[in-house]
Structures are given as structure tokens and as C-alpha cells.
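Visitor: I have a structure I would like to understand better, so I am pasting it below and will then ask my questions one at a time.
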Amino acid sequence: MRDFFKNIFAVNSIISRKITVSRLLTEGIAFRDAGEYKNAIEVFRTASDMGSPEASAQLGDMLMRGLGTETNWAAAVKYLELAVSKEIPNVSINVGMLYGMGGWGLKRNAKLAEHYLELALTVEKDSGAQEILDRVRKKVPPFGGKEIAKPKIPWG
């Protein structure tokens, strides 16, 4: 009987955690959409720390774009790579692009750029990754030449 209650408690804890993470993700998206970026970052970071790859992707995107915080591609890549490892779609292309360019605290790394762009092509079927991959391989600026410490990207 004791094992039965342990199992019930364990299942209840798992369900409770999933509900909390889901609520946090929804809350973070609402904050972000309302332009309350600092609140969104805090909520996404909490949910990411609880194991939410979706929150990791959202937080990485905000760090990449500098929404509510200083732009920090090194930190963004850490969160985006967590999302890629859990197969969150449409993230690999951003990681590949960031590694291909370097800047904002991230050292350029053509091998990692190629790896993530190939994932975007083969796993995510993102045809836009091919153009970036070709530019990385040919070292066409901003993917070659002198690395720019703070490149300006016109985010859509």
C-alpha cells in the first residue's frame, strides 16, 4: 500500500509540474506580446529552468534580439541549443546563423554554424537555411572576413 501512495504522489508531482510549466509559458508569451519584456524574460527563465524547451526557445529568441535586455548571442545560443536538443522546430536556423556570424559575445564557429544549418535543412525542412549555409561555406560577409563585435540585424 505504501508503494501505491508513493506512486500516486510521484504522478501528482509530475502533473503539477507540467501544469506549472504550461502556465508559465502562457504567462511569458502574454508578457512578451504586451511588450513587458523584462517580466517575460523572468518567466521564460523560470520555465526553462524547470525543463521547458519551448521557454528556452522563447528566452533565447529574446536574448538574440535584445528584447528587454542587452543583446547577448552567447547566452541566447545556450538557451536555443536546449530547444534544438528537444526538437523544437524553427530554432536550428537561428543557432546556425548566430554561429556563422559571431558577435554580441559569441565567437564565430563555422563548423557549428554548418551543423545547425544542416539540421534546419534536413530535420526541420527549412529551405531558407540553404542560402545561409552557402554563405557560411563561401565565407560571404557577414559570415566571413573580420568578425563584427555588435552586428546589426534587421529582425522581422
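Note on naming: chains are A, B, ... as they come in the C-alpha cells, residues start from 1 per chain, ligands start from 1 in the order shown.
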Write out as a VMD selection string each polymer residue whose atoms come within 12 Å of A:Thr26, counting only C-alpha atoms; drop sequence neighbours fewer than 5 positions from it.
Guide: chain A and resid 19 to 21 31 to 33 40 43 to 44 47 52 54 to 55 58
Visitor: What lies within 6 Å of stretch 114-119 of chain A using only C-alpha atoms, ignoring chain neighbours under 5 positions off, as a PDB file with N, CA and C atoms, in the first residue's frame?
Guide:
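File selection_13.pdb, as written:
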```pdb
ATOM      1  N   SER A  92      16.929  25.789 -35.136  1.00  0.00           N
ATOM      2  CA  SER A  92      18.271  25.465 -35.639  1.00  0.00           C
ATOM      3  C   SER A  92      18.812  26.528 -36.584  1.00  0.00           C
ATOM      4  N   ILE A  93      17.963  27.085 -37.414  1.00  0.00           N
ATOM      5  CA  ILE A  93      18.426  28.091 -38.372  1.00  0.00           C
ATOM      6  C   ILE A  93      18.984  29.314 -37.644  1.00  0.00           C
ATOM      7  N   GLY A  96      22.401  28.385 -36.171  1.00  0.00           N
ATOM      8  CA  GLY A  96      23.375  28.345 -37.260  1.00  0.00           C
ATOM      9  C   GLY A  96      23.782  29.730 -37.724  1.00  0.00           C
ATOM     10  N   ALA A 129      17.469  27.898 -44.882  1.00  0.00           N
ATOM     11  CA  ALA A 129      18.782  27.613 -44.305  1.00  0.00           C
ATOM     12  C   ALA A 129      19.831  27.392 -45.383  1.00  0.00           C
TER      13      ALA A 129
END
```
Visitor: Got a sec to tell me which of stretch 65-127 of chain A DSSP assigns to helix (DSSP H, G or I), as an MDAnalysis selection string?
Guide: chainID A and resid 65 73:85 92:101 110:122
Visitor: Only N, CA and C atoms, please: the residues just picked out, written as a compact mmCIF listing (two decimals), in the first residue's frame.
Guide:
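Output file result_34.txt follows:
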```
# COMPACT_ATOMS: atom_id res chain seq x y z
N ARG A 65 17.57 38.91 -29.83
CA ARG A 65 17.08 40.18 -30.37
C ARG A 65 17.29 41.37 -29.44
N TRP A 73 24.30 37.13 -27.68
CA TRP A 73 24.20 35.93 -28.50
C TRP A 73 24.80 34.71 -27.83
N ALA A 74 25.81 34.89 -27.00
CA ALA A 74 26.40 33.74 -26.29
C ALA A 74 25.35 33.11 -25.38
N ALA A 75 24.63 33.92 -24.63
CA ALA A 75 23.57 33.39 -23.75
C ALA A 75 22.40 32.87 -24.58
N ALA A 76 22.07 33.57 -25.64
CA ALA A 76 20.96 33.15 -26.50
C ALA A 76 21.21 31.74 -27.04
N VAL A 77 22.42 31.49 -27.52
CA VAL A 77 22.75 30.19 -28.10
C VAL A 77 22.60 29.07 -27.07
N LYS A 78 22.96 29.33 -25.82
CA LYS A 78 22.82 28.30 -24.79
C LYS A 78 21.36 27.87 -24.66
N TYR A 79 20.46 28.83 -24.63
CA TYR A 79 19.03 28.50 -24.50
C TYR A 79 18.48 27.91 -25.80
N LEU A 80 18.90 28.46 -26.92
CA LEU A 80 18.41 27.94 -28.20
C LEU A 80 18.89 26.51 -28.44
N GLU A 81 20.12 26.21 -28.03
CA GLU A 81 20.63 24.84 -28.18
C GLU A 81 19.82 23.85 -27.33
N LEU A 82 19.36 24.28 -26.15
CA LEU A 82 18.48 23.43 -25.34
C LEU A 82 17.20 23.11 -26.12
N ALA A 83 16.66 24.13 -26.78
CA ALA A 83 15.43 23.93 -27.56
C ALA A 83 15.67 23.00 -28.74
N VAL A 84 16.80 23.17 -29.41
CA VAL A 84 17.13 22.29 -30.55
C VAL A 84 17.27 20.85 -30.08
N SER A 85 17.89 20.65 -28.92
CA SER A 85 18.10 19.28 -28.41
C SER A 85 16.77 18.58 -28.11
N SER A 92 16.93 25.79 -35.14
CA SER A 92 18.27 25.46 -35.64
C SER A 92 18.81 26.53 -36.58
N ILE A 93 17.96 27.09 -37.41
CA ILE A 93 18.43 28.09 -38.37
C ILE A 93 18.98 29.31 -37.64
N ASN A 94 18.35 29.71 -36.54
CA ASN A 94 18.84 30.86 -35.79
C ASN A 94 20.19 30.56 -35.13
N VAL A 95 20.32 29.36 -34.57
CA VAL A 95 21.60 28.99 -33.95
C VAL A 95 22.70 28.96 -35.01
N GLY A 96 22.40 28.39 -36.17
CA GLY A 96 23.38 28.34 -37.26
C GLY A 96 23.78 29.73 -37.72
N MET A 97 22.80 30.60 -37.85
CA MET A 97 23.09 31.96 -38.29
C MET A 97 23.96 32.69 -37.26
N LEU A 98 23.64 32.53 -35.98
CA LEU A 98 24.42 33.21 -34.94
C LEU A 98 25.85 32.71 -34.91
N TYR A 99 26.03 31.39 -34.97
CA TYR A 99 27.40 30.85 -35.00
C TYR A 99 28.13 31.28 -36.27
N GLY A 100 27.41 31.39 -37.37
CA GLY A 100 28.03 31.79 -38.62
C GLY A 100 28.53 33.22 -38.62
N MET A 101 27.82 34.09 -37.91
CA MET A 101 28.20 35.50 -37.87
C MET A 101 29.14 35.82 -36.72
N ALA A 110 32.32 28.33 -37.70
CA ALA A 110 31.75 27.87 -38.98
C ALA A 110 31.29 26.41 -38.90
N LYS A 111 32.01 25.57 -38.18
CA LYS A 111 31.61 24.15 -38.08
C LYS A 111 30.27 24.01 -37.38
N LEU A 112 30.10 24.72 -36.26
CA LEU A 112 28.81 24.66 -35.57
C LEU A 112 27.71 25.31 -36.40
N ALA A 113 28.05 26.38 -37.12
CA ALA A 113 27.07 27.02 -37.99
C ALA A 113 26.58 26.02 -39.04
N GLU A 114 27.50 25.32 -39.67
CA GLU A 114 27.13 24.32 -40.68
C GLU A 114 26.29 23.21 -40.07
N HIS A 115 26.67 22.74 -38.89
CA HIS A 115 25.93 21.68 -38.22
C HIS A 115 24.47 22.07 -38.01
N TYR A 116 24.24 23.24 -37.43
CA TYR A 116 22.88 23.66 -37.13
C TYR A 116 22.09 24.01 -38.39
N LEU A 117 22.76 24.57 -39.39
CA LEU A 117 22.06 24.88 -40.63
C LEU A 117 21.68 23.60 -41.38
N GLU A 118 22.54 22.60 -41.31
CA GLU A 118 22.19 21.30 -41.92
C GLU A 118 21.03 20.65 -41.19
N LEU A 119 20.97 20.80 -39.87
CA LEU A 119 19.80 20.32 -39.11
C LEU A 119 18.54 21.03 -39.58
N ALA A 120 18.65 22.33 -39.76
CA ALA A 120 17.49 23.10 -40.21
C ALA A 120 17.01 22.61 -41.57
N LEU A 121 17.95 22.25 -42.43
CA LEU A 121 17.59 21.76 -43.76
C LEU A 121 17.01 20.36 -43.73
N THR A 122 17.68 19.45 -43.03
CA THR A 122 17.30 18.04 -43.10
C THR A 122 16.19 17.66 -42.14
```
Visitor: Would you mind telling me which residue in A:Gly103, A:Pro53, A:Gly60, A:Gly28 lies nearest to A:Pro142 when using only C-alpha atoms?
Guide: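 For A:Pro142, the nearest of the given residues is A:Gly103.
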Visitor: Could you tell me which of A:Arg45, A:Lys38, A:Lys125, A:Arg23 comes closest to A:Leu59 if we count only C-alpha atoms?
Guide: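 Looking at the shortest contact to A:Leu59, the residue is A:Arg45.
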Visitor: Report the distance between atom CA of A:Gly68 and atom CA of A:Glu124 in Å, rounded to one decimal place.
Guide: 28.6 Å
